[in-house]
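File shown: my_file_22.pdb (PDB, C-alpha atoms).
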MODEL        1
ATOM      1  CA  MET K  24     -54.798 -13.895   1.742
ATOM      2  CA  THR K  25     -51.755 -11.594   1.550
ATOM      3  CA  ASP K  26     -48.510 -12.806   0.019
ATOM      4  CA  THR K  27     -45.817 -12.387   2.676
ATOM      5  CA  THR K  28     -42.862 -13.575   0.612
ATOM      6  CA  ALA K  29     -40.278 -10.927  -0.074
ATOM      7  CA  ASP K  30     -39.294 -10.072  -3.595
ATOM      8  CA  PRO K  31     -35.637 -11.149  -3.885
ATOM      9  CA  THR K  32     -34.942  -8.247  -6.235
ATOM     10  CA  ASP K  33     -35.837  -5.708  -3.539
ATOM     11  CA  ALA K  34     -32.708  -4.068  -2.215
ATOM     12  CA  ALA K  35     -32.198  -4.311   1.513
ATOM     13  CA  PRO K  36     -32.371  -0.958   3.278
ATOM     14  CA  PRO K  37     -29.080   0.345   4.644
ATOM     15  CA  THR K  38     -28.320  -0.835   8.157
ATOM     16  CA  ALA K  39     -26.331   0.765  10.940
ATOM     17  CA  ASP K  40     -23.404  -1.393   9.738
ATOM     18  CA  ALA K  41     -23.692  -0.175   6.137
ATOM     19  CA  HIS K  42     -20.470   1.181   4.772
ATOM     20  CA  LEU K  43     -18.994   2.346   1.525
ATOM     21  CA  HIS K  44     -15.496   1.400   0.460
ATOM     22  CA  ARG K  45     -13.545   3.385  -2.082
ATOM     23  CA  THR K  46     -13.930   0.530  -4.594
ATOM     24  CA  HIS K  47     -17.732   0.318  -4.399
ATOM     25  CA  PRO K  48     -18.419   2.954  -7.099
ATOM     26  CA  GLU K  49     -16.043   1.110  -9.438
ATOM     27  CA  LEU K  50     -17.754  -2.188  -8.613
ATOM     28  CA  VAL K  51     -21.123  -0.714  -9.512
ATOM     29  CA  LYS K  52     -19.671   0.514 -12.791
ATOM     30  CA  ARG K  53     -18.233  -2.930 -13.597
ATOM     31  CA  LEU K  54     -21.477  -4.685 -12.719
ATOM     32  CA  LYS K  55     -23.541  -2.298 -14.832
ATOM     33  CA  ARG K  56     -21.187  -3.001 -17.719
ATOM     34  CA  ALA K  57     -21.688  -6.740 -17.143
ATOM     35  CA  GLU K  58     -25.438  -6.153 -17.041
ATOM     36  CA  GLY K  59     -25.225  -4.511 -20.470
ATOM     37  CA  HIS K  60     -23.194  -7.435 -21.811
ATOM     38  CA  LEU K  61     -25.743  -9.865 -20.392
ATOM     39  CA  ARG K  62     -28.580  -8.010 -22.115
ATOM     40  CA  SER K  63     -26.588  -8.289 -25.333
ATOM     41  CA  VAL K  64     -26.235 -12.046 -24.839
ATOM     42  CA  ILE K  65     -29.990 -12.415 -24.424
ATOM     43  CA  ASN K  66     -30.620 -10.330 -27.549
ATOM     44  CA  MET K  67     -28.057 -12.346 -29.479
ATOM     45  CA  ILE K  68     -29.724 -15.624 -28.506
ATOM     46  CA  GLU K  69     -33.157 -14.283 -29.405
ATOM     47  CA  SER K  70     -31.758 -13.042 -32.729
ATOM     48  CA  GLU K  71     -30.277 -16.486 -33.409
ATOM     49  CA  ARG K  72     -26.714 -15.185 -33.682
ATOM     50  CA  PRO K  73     -23.839 -17.670 -34.110
ATOM     51  CA  CYS K  74     -22.835 -19.606 -31.001
ATOM     52  CA  LEU K  75     -19.242 -18.359 -31.190
ATOM     53  CA  ASP K  76     -20.417 -14.732 -30.985
ATOM     54  CA  ILE K  77     -22.683 -15.579 -28.051
ATOM     55  CA  ALA K  78     -19.919 -17.466 -26.233
ATOM     56  CA  GLN K  79     -17.533 -14.531 -26.647
ATOM     57  CA  GLN K  80     -20.089 -12.150 -25.177
ATOM     58  CA  MET K  81     -20.828 -14.562 -22.308
ATOM     59  CA  HIS K  82     -17.104 -14.702 -21.603
ATOM     60  CA  ALA K  83     -17.065 -10.906 -21.264
ATOM     61  CA  VAL K  84     -19.933 -11.095 -18.740
ATOM     62  CA  GLU K  85     -18.164 -13.791 -16.751
ATOM     63  CA  LYS K  86     -14.868 -11.887 -16.644
ATOM     64  CA  ALA K  87     -16.542  -8.650 -15.566
ATOM     65  CA  ILE K  88     -18.376 -10.361 -12.704
ATOM     66  CA  CYS K  89     -15.302 -12.329 -11.595
ATOM     67  CA  GLN K  90     -13.201  -9.166 -11.537
ATOM     68  CA  ALA K  91     -15.873  -7.347  -9.524
ATOM     69  CA  LYS K  92     -16.005 -10.242  -7.045
ATOM     70  CA  ARG K  93     -12.225 -10.313  -6.711
ATOM     71  CA  THR K  94     -12.119  -6.557  -6.104
ATOM     72  CA  LEU K  95     -14.857  -6.795  -3.466
ATOM     73  CA  ILE K  96     -13.077  -9.612  -1.617
ATOM     74  CA  GLN K  97      -9.719  -7.828  -1.696
ATOM     75  CA  ASP K  98     -11.302  -4.602  -0.494
ATOM     76  CA  HIS K  99     -13.047  -6.465   2.310
ATOM     77  CA  LEU K 100      -9.812  -8.091   3.410
ATOM     78  CA  ASP K 101      -7.873  -4.843   3.207
ATOM     79  CA  HIS K 102     -10.380  -2.904   5.292
ATOM     80  CA  CYS K 103     -12.902  -4.992   7.199
ATOM     81  CA  LEU K 104     -10.514  -7.729   8.300
ATOM     82  CA  ASP K 105      -7.976  -5.215   9.548
ATOM     83  CA  ASP K 106     -10.715  -3.397  11.476
ATOM     84  CA  VAL K 107     -11.782  -6.602  13.226
ATOM     85  CA  VAL K 108      -8.318  -7.982  13.893
ATOM     86  CA  GLY K 109      -6.801  -4.719  15.081
ATOM     87  CA  PRO K 110      -3.130  -4.203  15.852
ATOM     88  CA  LEU K 111      -0.993  -7.339  15.707
ATOM     89  CA  ASP K 112       2.653  -8.126  16.321
ATOM     90  CA  ARG K 113       4.916  -8.613  13.305
ATOM     91  CA  ASP K 114       4.579 -12.429  13.150
ATOM     92  CA  GLN K 115       0.796 -12.355  13.354
ATOM     93  CA  ARG K 116       0.613  -9.493  10.819
ATOM     94  CA  GLY K 117       2.704 -11.614   8.408
ATOM     95  CA  THR K 118       0.128 -14.394   8.559
ATOM     96  CA  ILE K 119      -2.706 -11.964   7.776
ATOM     97  CA  GLU K 120      -0.728 -10.431   4.893
ATOM     98  CA  GLU K 121       0.013 -13.909   3.519
ATOM     99  CA  PHE K 122      -3.689 -14.746   3.688
ATOM    100  CA  LYS K 123      -4.543 -11.554   1.787
ATOM    101  CA  ALA K 124      -1.918 -12.302  -0.841
ATOM    102  CA  ILE K 125      -3.124 -15.836  -1.531
ATOM    103  CA  THR K 126      -6.718 -14.708  -2.040
ATOM    104  CA  LYS K 127      -5.587 -12.870  -5.173
ATOM    105  CA  TYR K 128      -5.512 -16.285  -6.821
ATOM    106  CA  LEU K 129      -9.218 -16.931  -6.245
TER     107      LEU K 129
ENDMDL
END

Now, as a test, write the supplied structure out as structure tokens.
Amino acid sequence: MTDTTADPTDAAPPTADAHLHRTHPELVKRLKRAEGHLRSVINMIESERPCLDIAQQMHAVEKAICQAKRTLIQDHLDHCLDDVVGPLDRDQRGTIEEFKAITKYL
């Protein structure tokens, strides 16, 4: 019998809707940095390093991923939302801009 389950680590092939934003290369760089920090955390745990050192390194991983997520969301709002919404009058545009501004606090 053949296993038909997909490997979740397989990257999805680009679709017709695939797009690259100017921030994507920076996001990849941030995430690769976080990946390196995460590997360090694993090595530190396996090497029985002090918990404080491990926690500090885990904090670096968390911050890197959170910043990457925030950048992705802001980029999406700045580009994709505007593309979908299209031209709006001043009052409606103000509501969209307010929405974008508040998401910076995520």

Worksheet entry | Residues selected by the PyMOL selection byres ((chain K and resi 74-89) around 12), written as a ChimeraX atom specification | /K:49-73,90-96,127-129

Discussion item. One number please: atom CA of K:Thr46 to atom CA of K:Asp98, in Å, one decimal.
Written reply: 7.1 Å

Discussion item. What's the separation between atom CA of K:Leu111 and atom CA of K:His42, in Å to one decimal place?
Written reply: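 So the two atoms, atom CA of K:Leu111 and atom CA of K:His42, lie 23.9 Å apart.
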
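Reported to one decimal place, the separation of atom CA of K:Leu43 from atom CA of K:Arg116 is 24.7 Å.
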
Discussion item. As a check of understanding, name the residues that the PyMOL selection byres ((chain K and resi 123) around 10) selects in the supplied structure, as an MDAnalysis selection string.
Written reply: chainID K and resid 96:101 104 117:122 124:128
